[in-house]
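Q: So that you have it, the file is input_19.txt, and it contains compact mmCIF, C-alpha atoms:
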```txt
# COMPACT_ATOMS: atom_id res chain seq x y z
CA MET A 189 104.21 59.43 98.02
CA SER A 190 104.72 61.60 101.05
CA ALA A 191 105.22 60.38 104.60
CA LYS A 192 102.03 60.23 106.66
CA ARG A 193 101.86 62.01 109.99
CA GLN A 194 99.98 61.35 113.18
CA ILE A 195 97.88 64.20 114.56
CA SER A 196 95.83 64.62 117.74
CA VAL A 197 93.14 67.27 117.86
CA GLU A 198 90.11 68.11 119.94
CA VAL A 199 87.01 68.38 117.79
CA ASN A 200 83.89 69.82 119.40
CA GLY A 201 85.26 68.81 122.78
CA ALA A 202 86.19 65.22 121.90
CA PRO A 203 89.78 64.03 121.35
CA ARG A 204 90.46 62.59 117.89
CA GLN A 205 93.60 61.02 116.46
CA ALA A 206 94.39 60.14 112.89
CA GLU A 207 97.25 59.26 110.58
CA ILE A 208 97.00 61.47 107.53
CA GLU A 209 98.78 62.65 104.42
CA PRO A 210 100.25 66.15 104.84
CA ARG A 211 98.36 67.39 101.78
CA LEU A 212 94.97 66.64 103.39
CA THR A 213 93.21 69.95 103.98
CA LEU A 214 91.47 70.51 107.29
CA ALA A 215 88.15 70.63 105.39
CA ASP A 216 88.72 67.19 103.88
CA PHE A 217 89.99 65.85 107.22
CA LEU A 218 86.77 66.93 108.93
CA ARG A 219 84.48 65.70 106.16
CA HIS A 220 86.18 62.52 104.95
CA THR A 221 88.27 61.31 107.89
CA LEU A 222 85.92 62.29 110.72
CA ASP A 223 82.62 62.20 108.75
CA LEU A 224 81.73 65.68 109.99
CA THR A 225 80.05 66.75 106.78
CA GLY A 226 78.41 69.86 108.24
CA THR A 227 81.48 71.87 107.18
CA HIS A 228 80.79 72.71 103.55
CA VAL A 229 83.38 73.00 100.81
CA GLY A 230 82.61 75.58 98.14
CA CYS A 231 85.42 77.16 96.18
CA GLU A 232 88.41 75.42 97.82
CA HIS A 233 90.59 78.48 97.31
CA GLY A 234 89.63 80.73 100.16
CA VAL A 235 87.02 82.95 98.54
CA CYS A 236 83.57 81.70 99.56
CA GLY A 237 83.94 81.14 103.32
CA ALA A 238 81.61 78.10 103.39
CA CYS A 239 84.33 75.94 104.99
CA THR A 240 84.98 78.30 107.93
CA VAL A 241 85.63 76.53 111.24
CA LEU A 242 87.03 77.75 114.57
CA ILE A 243 90.64 76.87 115.47
CA ASP A 244 91.17 77.62 119.18
CA GLY A 245 88.13 79.88 118.88
CA ARG A 246 89.42 81.81 115.86
CA SER A 247 87.64 81.57 112.54
CA ALA A 248 89.70 80.12 109.70
CA ARG A 249 89.14 78.74 106.25
CA SER A 250 89.55 74.97 106.56
CA CYS A 251 90.29 74.67 102.82
CA LEU A 252 93.42 76.83 103.28
CA THR A 253 94.70 74.99 106.34
CA PHE A 254 96.37 71.61 106.21
CA ALA A 255 95.20 69.21 108.89
CA VAL A 256 98.82 68.59 109.93
CA GLN A 257 99.04 72.28 110.88
CA VAL A 258 96.37 72.00 113.59
CA ASP A 259 97.99 69.15 115.54
CA GLY A 260 97.28 69.80 119.22
CA ARG A 261 94.61 72.44 118.58
CA ALA A 262 90.93 72.62 119.55
CA LEU A 263 88.50 72.78 116.64
CA THR A 264 84.85 73.78 116.59
CA THR A 265 82.66 72.95 113.63
CA ILE A 266 78.98 73.57 112.94
CA GLU A 267 78.26 70.24 114.67
CA GLY A 268 79.65 71.69 117.91
CA LEU A 269 77.83 75.02 118.02
CA GLY A 270 74.60 73.87 119.70
CA PRO A 271 74.35 73.43 123.47
CA ALA A 272 73.75 69.67 123.06
CA PRO A 273 73.35 67.23 120.14
CA GLY A 274 70.15 68.01 118.27
CA MET A 275 69.66 71.38 119.98
CA LEU A 276 70.13 74.82 118.50
CA GLY A 277 72.06 77.67 120.09
CA VAL A 278 70.85 81.26 120.36
CA LEU A 279 72.49 82.31 117.10
CA GLN A 280 71.13 79.28 115.24
CA GLU A 281 67.61 79.93 116.54
CA ALA A 282 67.93 83.56 115.41
CA PHE A 283 68.90 82.33 111.92
CA GLN A 284 65.71 80.26 111.85
CA ARG A 285 63.57 83.12 113.18
CA HIS A 286 64.91 85.68 110.68
CA HIS A 287 64.93 83.40 107.63
CA ALA A 288 68.72 83.84 107.47
CA LEU A 289 69.17 80.80 105.27
CA GLN A 290 67.53 79.34 102.24
CA CYS A 291 69.66 76.65 100.62
CA GLY A 292 71.89 76.48 103.69
CA PHE A 293 75.18 75.98 101.89
CA CYS A 294 76.86 79.06 103.36
CA THR A 295 75.25 78.65 106.78
CA PRO A 296 77.99 76.64 108.59
CA GLY A 297 80.55 79.27 107.62
CA MET A 298 78.24 82.13 108.55
CA LEU A 299 77.51 80.62 111.97
CA THR A 300 81.14 79.88 112.85
CA THR A 301 82.24 83.34 111.69
CA LEU A 302 79.46 85.11 113.62
CA THR A 303 80.08 82.95 116.71
CA GLU A 304 83.63 84.31 116.84
CA LEU A 305 82.36 87.87 116.31
CA LEU A 306 79.82 87.64 119.13
CA ASN A 307 82.45 86.16 121.47
CA ASP A 308 84.85 89.02 120.65
CA ASN A 309 82.25 91.77 120.55
CA PRO A 310 78.92 91.14 122.30
CA ASP A 311 77.43 94.41 121.01
CA PRO A 312 78.41 94.78 117.34
CA THR A 313 77.00 97.46 115.07
CA GLU A 314 75.27 96.52 111.83
CA ASP A 315 78.37 97.72 109.95
CA GLU A 316 80.61 95.46 112.05
CA VAL A 317 78.37 92.47 111.33
CA ARG A 318 78.34 93.26 107.62
CA GLU A 319 82.11 93.69 107.53
CA VAL A 320 82.85 90.41 109.27
CA ILE A 321 80.71 88.42 106.83
CA THR A 322 82.32 89.97 103.74
CA GLY A 323 84.36 86.77 103.77
CA ASN A 324 81.26 84.59 103.42
CA LEU A 325 79.32 84.43 100.16
CA CYS A 326 75.55 83.89 100.34
CA ARG A 327 73.65 83.78 97.07
CA CYS A 328 70.13 83.26 98.48
CA THR A 329 69.29 85.72 101.21
CA GLY A 330 70.76 89.05 100.21
CA TYR A 331 72.35 89.04 103.68
CA SER A 332 69.56 91.09 105.32
CA GLY A 333 68.18 88.16 107.30
CA ILE A 334 71.69 87.08 108.33
CA VAL A 335 72.52 90.55 109.63
CA ALA A 336 69.18 90.78 111.46
CA ALA A 337 69.73 87.35 113.01
CA ALA A 338 73.24 88.24 114.20
CA LEU A 339 72.04 91.49 115.81
CA ASP A 340 69.04 89.75 117.40
CA ALA A 341 71.25 86.94 118.76
CA ALA A 342 73.72 89.49 120.12
CA ARG A 343 70.92 91.26 121.97
CA ARG A 344 69.50 88.02 123.38
CA LEU A 345 72.97 86.85 124.49
CA ARG A 346 73.60 90.20 126.20
CA GLU A 347 70.26 89.85 127.99
CA GLY A 348 71.35 86.49 129.33
CA GLU A 349 69.59 84.02 127.06
CA ALA A 350 71.72 80.87 126.96
CA MET B 296 92.80 66.11 97.91
CA LYS B 297 93.67 68.92 95.58
CA PRO B 298 97.33 69.73 96.34
CA ALA B 299 100.08 67.50 95.00
CA PRO B 300 101.81 65.31 97.62
CA PHE B 301 104.59 66.80 99.73
CA ASP B 302 106.57 66.03 102.86
CA TYR B 303 105.76 68.26 105.83
CA HIS B 304 108.36 69.77 108.14
CA ALA B 305 107.55 71.68 111.32
CA PRO B 306 110.80 73.26 112.57
CA GLN B 307 110.77 74.84 116.04
CA SER B 308 113.56 77.35 115.46
CA LEU B 309 114.70 79.66 112.67
CA ALA B 310 118.06 77.85 112.54
CA GLU B 311 116.28 74.54 112.05
CA ALA B 312 114.12 76.04 109.30
CA THR B 313 117.01 77.60 107.39
CA GLY B 314 118.90 74.30 107.76
CA LEU B 315 115.99 72.48 106.13
CA LEU B 316 115.86 74.98 103.24
CA ALA B 317 119.61 74.64 102.72
CA ARG B 318 119.41 70.87 102.30
CA LEU B 319 115.99 70.15 100.74
CA ASP B 320 115.27 70.40 97.02
CA ASN B 321 112.06 72.08 95.82
CA ALA B 322 110.96 73.16 99.27
CA LYS B 323 108.39 75.90 99.90
CA VAL B 324 107.95 77.86 103.09
CA ILE B 325 104.41 78.15 104.46
CA ALA B 326 103.53 80.97 106.87
CA GLY B 327 99.79 81.62 107.23
CA GLY B 328 99.01 79.79 103.99
CA GLN B 329 96.30 82.21 102.85
CA SER B 330 98.02 82.83 99.50
CA LEU B 331 100.07 79.65 99.17
CA GLY B 332 97.03 77.50 100.05
CA PRO B 333 95.01 78.51 96.97
CA MET B 334 98.11 78.20 94.77
CA MET B 335 98.69 74.65 96.03
CA ASN B 336 95.02 73.73 95.66
CA PHE B 337 95.18 74.90 92.04
CA ARG B 338 98.57 73.18 91.65
CA TYR B 339 100.15 76.42 90.50
CA VAL B 340 102.65 75.45 93.19
CA ILE B 341 103.89 71.86 93.41
CA ALA B 342 106.45 71.45 96.17
CA ASP B 343 108.26 68.30 97.32
CA HIS B 344 108.62 69.73 100.83
CA LEU B 345 106.60 72.19 102.86
CA VAL B 346 108.45 73.93 105.70
CA ASP B 347 105.89 75.32 108.16
CA LEU B 348 107.07 78.39 110.09
CA GLY B 349 104.02 78.24 112.41
CA GLY B 350 105.94 76.73 115.32
CA ILE B 351 108.83 79.21 115.37
CA ALA B 352 108.08 81.56 118.28
CA GLU B 353 111.20 83.68 117.74
CA ILE B 354 109.85 85.17 114.50
CA ALA B 355 106.37 86.07 115.81
CA GLY B 356 105.34 89.17 117.71
CA ILE B 357 105.55 92.96 117.69
CA THR B 358 108.21 94.86 119.63
CA LEU B 359 109.20 98.51 119.92
CA ALA B 360 112.92 99.28 119.90
CA GLY B 361 113.52 103.02 120.13
CA ASP B 362 111.57 104.50 117.22
CA THR B 363 111.45 101.28 115.25
CA LEU B 364 108.57 98.84 115.18
CA ARG B 365 109.86 95.31 114.70
CA ILE B 366 107.30 92.88 113.35
CA GLY B 367 108.22 89.20 113.37
CA ALA B 368 107.40 87.64 110.02
CA MET B 369 104.95 85.16 111.58
CA THR B 370 102.91 87.86 113.30
CA ARG B 371 99.30 87.23 112.29
CA GLN B 372 97.50 90.10 110.57
CA ARG B 373 94.86 89.92 113.30
CA GLU B 374 97.48 90.65 115.96
CA LEU B 375 98.58 93.81 114.14
CA GLU B 376 94.99 94.87 113.55
CA PHE B 377 94.19 94.72 117.28
CA SER B 378 97.59 95.81 118.65
CA ASP B 379 97.48 98.87 120.94
CA LEU B 380 101.10 99.60 120.07
CA VAL B 381 100.34 99.66 116.34
CA ALA B 382 97.20 101.76 116.89
CA ARG B 383 99.15 104.30 118.94
CA ARG B 384 102.42 104.53 117.05
CA CYS B 385 101.67 103.34 113.50
CA PRO B 386 98.00 104.12 112.84
CA LEU B 387 98.41 104.03 109.05
CA LEU B 388 99.40 100.36 109.34
CA LYS B 389 96.31 99.60 111.40
CA ALA B 390 94.05 101.35 108.88
CA ALA B 391 95.61 99.40 106.01
CA LEU B 392 95.41 96.07 107.87
CA LYS B 393 91.64 96.45 108.25
CA GLN B 394 91.39 96.22 104.45
CA VAL B 395 93.44 92.99 104.21
CA GLY B 396 91.18 90.08 103.32
CA HIS B 397 88.59 89.01 105.86
CA ARG B 398 88.51 88.16 109.56
CA GLN B 399 89.00 84.47 108.76
CA THR B 400 92.07 85.08 106.59
CA ARG B 401 93.58 87.69 108.96
CA ASN B 402 93.39 85.16 111.79
CA ARG B 403 95.82 82.93 109.87
CA GLY B 404 97.57 85.24 107.40
CA THR B 405 100.89 86.75 108.43
CA PHE B 406 102.57 90.07 107.72
CA GLY B 407 105.80 88.43 106.63
CA GLY B 408 104.01 85.94 104.42
CA SER B 409 102.23 88.70 102.54
CA VAL B 410 105.41 90.74 102.09
CA ALA B 411 107.25 87.67 100.80
CA HIS B 412 104.33 86.75 98.51
CA PHE B 413 104.45 90.34 97.17
CA ASP B 414 101.13 90.75 95.44
CA PRO B 415 101.18 94.17 93.72
CA ALA B 416 97.72 95.07 95.06
CA SER B 417 98.41 93.98 98.66
CA GLU B 418 98.36 96.60 101.41
CA GLN B 419 101.23 95.02 103.35
CA PRO B 420 104.12 95.49 100.90
CA MET B 421 102.57 98.94 100.34
CA MET B 422 102.98 99.73 104.05
CA CYS B 423 106.64 98.66 103.83
CA ALA B 424 107.11 101.07 100.93
CA ALA B 425 105.29 103.92 102.70
CA HIS B 426 107.44 103.59 105.84
CA ASP B 427 110.79 102.76 104.16
CA ALA B 428 110.83 99.43 106.00
CA VAL B 429 113.90 97.24 106.32
CA ILE B 430 113.48 93.52 105.63
CA GLU B 431 115.48 91.07 107.72
CA ILE B 432 116.29 87.88 105.85
CA ALA B 433 117.78 84.71 107.35
CA SER B 434 119.44 81.69 105.80
CA ALA B 435 122.03 79.10 106.79
CA ARG B 436 124.53 81.58 105.31
CA GLY B 437 123.61 84.25 107.88
CA VAL B 438 121.31 87.24 108.30
CA ARG B 439 121.06 90.19 105.93
CA ARG B 440 119.02 93.36 106.07
CA VAL B 441 117.59 94.77 102.87
CA PRO B 442 115.89 98.17 102.43
CA PHE B 443 112.40 97.60 101.05
CA ALA B 444 113.20 99.61 97.91
CA GLN B 445 115.75 96.89 97.02
CA PHE B 446 113.58 94.01 98.24
CA GLY B 447 110.68 94.22 95.78
CA LEU B 448 112.08 93.51 92.34
CA ASP B 449 109.25 92.78 89.93
CA PHE B 450 105.78 91.23 89.67
CA MET B 451 105.48 88.79 92.64
CA THR B 452 109.28 88.71 92.75
CA THR B 453 111.48 89.69 95.68
CA ALA B 454 115.15 89.58 96.63
CA LEU B 455 114.54 86.38 98.62
CA ALA B 456 116.70 83.46 97.43
CA PRO B 457 115.23 79.93 97.52
CA ASP B 458 117.16 79.08 100.72
CA GLU B 459 116.19 82.29 102.52
CA ILE B 460 113.39 83.09 104.97
CA LEU B 461 111.91 86.53 105.58
CA ALA B 462 112.37 86.76 109.37
CA ALA B 463 111.21 90.26 110.34
CA ILE B 464 110.09 93.64 109.07
CA GLU B 465 111.41 96.78 110.74
CA ILE B 466 109.30 99.90 110.35
CA PRO B 467 110.91 103.23 111.30
CA LEU B 468 108.11 105.09 113.07
CA TRP B 469 107.05 108.60 112.25
CA PRO B 470 107.08 111.11 115.14
CA GLN B 471 104.10 111.44 117.47
CA GLY B 472 101.64 113.94 116.04
CA HIS B 473 102.23 113.00 112.41
CA GLY B 474 99.26 112.87 110.09
CA TRP B 475 98.18 109.87 108.06
CA GLY B 476 95.51 108.93 105.56
CA PHE B 477 94.53 105.73 103.80
CA HIS B 478 91.94 105.26 101.08
CA GLU B 479 91.29 102.24 98.94
CA PHE B 480 88.82 101.22 96.28
CA ALA B 481 87.89 97.55 95.89
CA ARG B 482 84.75 95.89 94.58
CA ARG B 483 84.05 94.33 97.99
CA HIS B 484 85.52 94.98 101.42
CA GLY B 485 88.56 92.75 101.78
CA ASP B 486 89.20 92.23 98.08
CA PHE B 487 92.57 93.23 96.69
CA ALA B 488 92.72 96.96 96.04
CA ILE B 489 92.04 98.18 92.52
CA VAL B 490 93.91 101.26 93.73
CA ALA B 491 94.99 102.13 97.28
CA SER B 492 96.64 105.37 98.37
CA ALA B 493 98.51 106.07 101.61
CA ALA B 494 99.79 109.41 102.89
CA LEU B 495 102.04 110.39 105.82
CA LEU B 496 102.76 114.03 106.71
CA THR B 497 104.72 115.84 109.37
CA LEU B 498 104.19 119.56 109.92
CA GLY B 499 106.82 121.95 111.31
CA PRO B 500 106.20 124.54 114.06
CA ASP B 501 105.17 127.03 111.35
CA GLY B 502 102.51 124.64 110.06
CA ARG B 503 104.36 123.85 106.83
CA ILE B 504 104.99 120.31 105.61
CA VAL B 505 108.47 119.11 106.58
CA ARG B 506 108.18 115.50 105.50
CA ALA B 507 105.80 113.59 103.23
CA SER B 508 105.32 110.01 102.08
CA LEU B 509 102.85 109.13 99.32
CA THR B 510 102.38 105.54 98.16
CA LEU B 511 100.09 103.84 95.67
CA ALA B 512 99.29 100.13 95.38
CA GLY B 513 97.41 98.33 92.64
CA VAL B 514 98.82 100.52 89.86
CA ALA B 515 102.12 98.79 89.02
CA VAL B 516 103.96 95.50 89.58
CA VAL B 517 105.39 96.87 92.84
CA PRO B 518 104.08 99.52 95.29
CA VAL B 519 104.91 103.00 93.96
CA ARG B 520 106.31 105.88 96.02
CA LEU B 521 105.38 109.24 94.49
CA ARG B 522 108.74 110.97 95.08
CA GLU B 523 108.01 113.95 92.84
CA ALA B 524 104.73 114.70 94.59
CA GLU B 525 106.38 114.26 98.01
CA ALA B 526 109.08 116.78 97.07
CA ALA B 527 106.44 119.22 95.82
CA LEU B 528 104.71 119.12 99.22
CA VAL B 529 107.74 119.78 101.43
CA GLY B 530 108.03 123.42 102.54
CA ARG B 531 104.43 124.22 101.60
CA ALA B 532 101.42 124.84 103.83
CA PRO B 533 98.93 121.93 103.60
CA GLU B 534 96.29 123.98 101.78
CA PRO B 535 93.74 122.39 99.44
CA ALA B 536 95.44 123.77 96.31
CA VAL B 537 98.81 122.34 97.37
CA LEU B 538 97.34 118.93 98.22
CA GLY B 539 95.35 118.97 94.96
CA ALA B 540 98.50 119.66 92.95
CA ALA B 541 100.21 116.67 94.61
CA ALA B 542 97.16 114.53 93.87
CA ASP B 543 97.34 115.65 90.22
CA LEU B 544 100.84 114.14 90.09
CA ALA B 545 99.40 110.87 91.46
CA GLY B 546 96.86 110.99 88.64
CA ALA B 547 99.61 111.40 86.05
CA ILE B 548 101.15 107.94 86.61
CA GLU B 549 101.18 105.25 83.91
CA PRO B 550 99.22 102.45 85.62
CA LEU B 551 98.62 98.92 84.42
CA ALA B 552 95.25 97.86 83.06
CA ASP B 553 93.65 94.50 83.82
CA ILE B 554 90.18 92.95 83.86
CA HIS B 555 89.29 95.00 86.96
CA ALA B 556 90.05 98.50 85.70
CA SER B 557 91.39 100.44 82.72
CA VAL B 558 94.40 102.78 82.67
CA ASP B 559 92.15 105.86 82.72
CA TYR B 560 90.05 104.59 85.60
CA ARG B 561 93.11 103.73 87.68
CA ARG B 562 94.54 107.22 87.03
CA HIS B 563 91.25 108.73 88.15
CA LEU B 564 91.24 106.61 91.31
CA ALA B 565 94.90 107.39 92.02
CA ARG B 566 94.17 111.13 91.91
CA VAL B 567 90.94 111.05 93.92
CA LEU B 568 92.16 108.60 96.58
CA THR B 569 95.47 110.47 97.01
CA GLU B 570 93.64 113.77 97.46
CA ARG B 571 91.45 112.17 100.16
CA ALA B 572 94.40 110.45 101.88
CA LEU B 573 96.38 113.71 101.87
CA GLY B 574 93.39 115.66 103.18
CA ASP B 575 93.00 113.24 106.10
CA ALA B 576 96.74 113.32 106.80
CA ALA B 577 96.82 117.13 106.79
CA ALA B 578 93.80 117.38 109.10
CA ARG B 579 95.27 114.85 111.57
CA ALA B 580 98.69 116.53 111.51
CA ALA B 581 97.11 119.93 112.11
CA ALA B 582 95.14 118.53 115.05
CA ARG B 583 98.35 116.84 116.34
CA THR B 584 96.36 113.75 117.17
CA THR B 585 97.95 110.84 115.39
CA PRO B 586 95.31 108.13 115.94
```
Can you give me the file's structure in the form of C-alpha cells?

A:
Amino acid sequence: MSAKRQISVEVNGAPRQAEIEPRLTLADFLRHTLDLTGTHVGCEHGVCGACTVLIDGRSARSCLTFAVQVDGRALTTIEGLGPAPGMLGVLQEAFQRHHALQCGFCTPGMLTTLTELLNDNPDPTEDEVREVITGNLCRCTGYSGIVAAALDAARRLREGEA
Amino acid sequence: MKPAPFDYHAPQSLAEATGLLARLDNAKVIAGGQSLGPMMNFRYVIADHLVDLGGIAEIAGITLAGDTLRIGAMTRQRELEFSDLVARRCPLLKAALKQVGHRQTRNRGTFGGSVAHFDPASEQPMMCAAHDAVIEIASARGVRRVPFAQFGLDFMTTALAPDEILAAIEIPLWPQGHGWGFHEFARRHGDFAIVASAALLTLGPDGRIVRASLTLAGVAVVPVRLREAEAALVGRAPEPAVLGAAADLAGAIEPLADIHASVDYRRHLARVLTERALGDAAARAAARTTP
C-alpha cells in the first residue's frame, strides 16, 4: 500500500483539498472524489480524448495525469465552462445549434479542447479546427457539426458575444 | 484505479532526482506521462516508486549556445512547437513536432520523455538521428554525453541505465539557408508514423549539394540514417534525377512489417516520402529561405 498524499487544487474556481493515493488518475479524482462526473472516461489510455480537461488553461488527458501531479494547479472541467451554473457558454450553444452532439459521450472533451483552441486562436481555419480535434473520437456526428459549431462560436466570440 | 500502487516522489532538483534513483528499488521516472501513463494503466509497467521530473526547472527550456540548440528533457512538446527560436533555426524540428500526437498530449508530453521512451515510429528520436544530436545523461555517478547513434540500441531500448535520467538533448544546428523537408504517412493526423522521412540539405555557392541528412522512422527498431543515399547526393546538383536516385535507395531498405503495413508498402512509402522531403529541401535551399 502506497503512502497517501495531500493535494490542493482549484477546480472551476473553487479550492478543493483531498488526501489521495498517488495512483489515482486525475479523471478518477474528478469523478469519484469530487463527484464531477461530467468528465467522461472512455479508453483510459490516451486515445479517445473524452476525458480532456484544462490544467492551467491547457488541454490534457485526465486519464494520463495522476492527480498528485496537479497539486497547486487550476483545473477547468465541463462543469466550469458555462458562464454560471445551469447556463451555456457561446461554444456550448453553438454545439446545440449545429447538432454537434448526439450521444454526448465525447462532448466534454470536445468542448474543453475547443475552448483552449479558441482562447489561443480566436480566428481558426476549418483545417485548424479539424486538426485540433484529431485527438477526440466522435462516433456519432461525423465531425461536421462539431467543426461548424466551433467556427460559428469563434465568429460570435470575435463579434463580442459573451 | 487501473495502475498498481506506487509511492510518489516529486524532487525539485536533478541532484535530488538522481539521488532517489540511486537508492530506490524498482523506480520509474515520469516526465510528461503520455507514454508511461497508458503502460501503467494497462499494468505493462508496475513500479514501486514513481519519480516525477515535473518540478525540476533546471531541465526544462530551450536555449541557444553558439550553433547548438539545447533542449531540456522536460521541455513540453507544445513549447517546441510554438518556439520562435525553433521555427527560425530548426524548422525541420518544428515540422516534425506538429505530427506528434495531439494538442492535448503535446501540452503534457516532453521531448526528453519521448527520446527516452524510444518508440521506433516516434518523430522525436528521429529528429535526434537527423541532426546527430548529443544526449546528456545524469546520475548520482555524474554526467555523461552520448552521441545519439550510440544512445538508441534496440527496440524501445536505449543506453540509459536504471539509475540514470535523460537531462538534455543538444542539437547541432544547420547553417542559415539550409533546406529541409518532412513527410509522414499515418492513418490519422497525430498517430504514430507508418513511415516518416526527413531531409536536410546545404548547397554550396555553385548550387551543388555539400551536405545531406536523410532519415526514416517507422521502418526499423531504431530511426535509420540513409548514409549511402546521403553520400550519393553530395557534390551533385539537386536535380530531379539525382533526388530520385537517392529516393530509390530509400526504397531499397529492408523494413519491418506489422499489422499497419507490409514490407512492400513501407518500401513504397519510404521512396515516395523521401523523394517529396528531398524535393522540399532542395527548393528551400535554392530559395535560401530556411523557414

Q: So, counting all atoms listed in the file, which residue among B:Ala578, B:Leu331, B:Pro535, B:Val514 is closest to Asp559 (chain B)?

A: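 Among B:Ala578, B:Leu331, B:Pro535, B:Val514, it is B:Val514 that comes nearest to Asp559 (chain B).
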
Q: Using only C-alpha atoms, find the residues of chain A whose closest atom to chain B is at most 8 Å away, then write them as a list in words.

A: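 On the chain A side, the interface is Met189, Ser190, Ala191, Glu209, Pro210, Arg211, Leu212, Thr213, Asp216, Glu232, His233, Gly234, Thr240, Arg246, Ser247, Ala248, Arg249, Cys251, Leu252, Thr253, Gln257, Thr301, Glu319, Val320, Ile321, Thr322 and Gly323 of chain A.
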
Q: Based on the selection just made, write C-alpha atoms of those residues as a PDB file, keeping the file's coordinate frame.

A:
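As written to disk, again-v1.pdb reads:
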```
ATOM      1  CA  MET A 189     104.210  59.430  98.020  1.00  0.00           C
ATOM      2  CA  SER A 190     104.720  61.600 101.050  1.00  0.00           C
ATOM      3  CA  ALA A 191     105.220  60.380 104.600  1.00  0.00           C
ATOM      4  CA  GLU A 209      98.780  62.650 104.420  1.00  0.00           C
ATOM      5  CA  PRO A 210     100.250  66.150 104.840  1.00  0.00           C
ATOM      6  CA  ARG A 211      98.360  67.390 101.780  1.00  0.00           C
ATOM      7  CA  LEU A 212      94.970  66.640 103.390  1.00  0.00           C
ATOM      8  CA  THR A 213      93.210  69.950 103.980  1.00  0.00           C
ATOM      9  CA  ASP A 216      88.720  67.190 103.880  1.00  0.00           C
ATOM     10  CA  GLU A 232      88.410  75.420  97.820  1.00  0.00           C
ATOM     11  CA  HIS A 233      90.590  78.480  97.310  1.00  0.00           C
ATOM     12  CA  GLY A 234      89.630  80.730 100.160  1.00  0.00           C
ATOM     13  CA  THR A 240      84.980  78.300 107.930  1.00  0.00           C
ATOM     14  CA  ARG A 246      89.420  81.810 115.860  1.00  0.00           C
ATOM     15  CA  SER A 247      87.640  81.570 112.540  1.00  0.00           C
ATOM     16  CA  ALA A 248      89.700  80.120 109.700  1.00  0.00           C
ATOM     17  CA  ARG A 249      89.140  78.740 106.250  1.00  0.00           C
ATOM     18  CA  CYS A 251      90.290  74.670 102.820  1.00  0.00           C
ATOM     19  CA  LEU A 252      93.420  76.830 103.280  1.00  0.00           C
ATOM     20  CA  THR A 253      94.700  74.990 106.340  1.00  0.00           C
ATOM     21  CA  GLN A 257      99.040  72.280 110.880  1.00  0.00           C
ATOM     22  CA  THR A 301      82.240  83.340 111.690  1.00  0.00           C
ATOM     23  CA  GLU A 319      82.110  93.690 107.530  1.00  0.00           C
ATOM     24  CA  VAL A 320      82.850  90.410 109.270  1.00  0.00           C
ATOM     25  CA  ILE A 321      80.710  88.420 106.830  1.00  0.00           C
ATOM     26  CA  THR A 322      82.320  89.970 103.740  1.00  0.00           C
ATOM     27  CA  GLY A 323      84.360  86.770 103.770  1.00  0.00           C
TER      28      GLY A 323
END
```

Q: Excluding Glu311 (chain B) and residues on its chain fewer than 4 positions from it, collect all residues at most 12 Å away from it, counting all atoms listed in the file, and give them as JSON, numbers by chain.

A: {"B": [304, 305, 306, 307, 315, 316, 317, 318, 346, 347, 348, 350, 351, 353, 433, 434, 435, 460]}

Q: Pick out the residues sitting within 6 Å of region 548-551 of chain B, and hand them over as a PyMOL selection string; count only C-alpha atoms, and ignore anything fewer than 3 positions along from it in its own chain.

A: chain B and resi 514-515+545+558

Q: CA of Met298 (chain A) to CA of Gly333 (chain A): how many Å, to one decimal?

A: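 Result for CA of Met298 (chain A) versus CA of Gly333 (chain A): 11.8 Å, one decimal.
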
Q: Put region 291-302 of chain A into a file with N, CA and C atoms, as a compact mmCIF listing (two decimals), in the first residue's frame.

A:
```txt
# COMPACT_ATOMS: atom_id res chain seq x y z
N CYS A 291 -24.90 11.31 -28.92
CA CYS A 291 -24.92 10.61 -27.63
C CYS A 291 -24.30 11.45 -26.53
N GLY A 292 -23.38 12.35 -26.89
CA GLY A 292 -22.81 13.26 -25.91
C GLY A 292 -21.59 12.75 -25.17
N PHE A 293 -21.17 11.52 -25.47
CA PHE A 293 -20.06 10.97 -24.68
C PHE A 293 -18.76 11.74 -24.91
N CYS A 294 -18.50 12.13 -26.15
CA CYS A 294 -17.25 12.82 -26.47
C CYS A 294 -17.31 14.30 -26.15
N THR A 295 -18.52 14.81 -25.91
CA THR A 295 -18.74 16.26 -25.87
C THR A 295 -17.89 17.00 -24.83
N PRO A 296 -17.76 16.50 -23.58
CA PRO A 296 -16.93 17.24 -22.62
C PRO A 296 -15.50 17.43 -23.11
N GLY A 297 -14.95 16.40 -23.74
CA GLY A 297 -13.58 16.50 -24.26
C GLY A 297 -13.50 17.43 -25.46
N MET A 298 -14.53 17.38 -26.32
CA MET A 298 -14.55 18.30 -27.47
C MET A 298 -14.61 19.74 -26.98
N LEU A 299 -15.47 20.01 -26.01
CA LEU A 299 -15.67 21.40 -25.56
C LEU A 299 -14.44 21.94 -24.84
N THR A 300 -13.78 21.12 -24.02
CA THR A 300 -12.58 21.63 -23.34
C THR A 300 -11.46 21.86 -24.35
N THR A 301 -11.32 20.92 -25.29
CA THR A 301 -10.27 21.06 -26.31
C THR A 301 -10.50 22.31 -27.16
N LEU A 302 -11.75 22.52 -27.60
CA LEU A 302 -12.05 23.67 -28.46
C LEU A 302 -12.03 24.97 -27.67
```
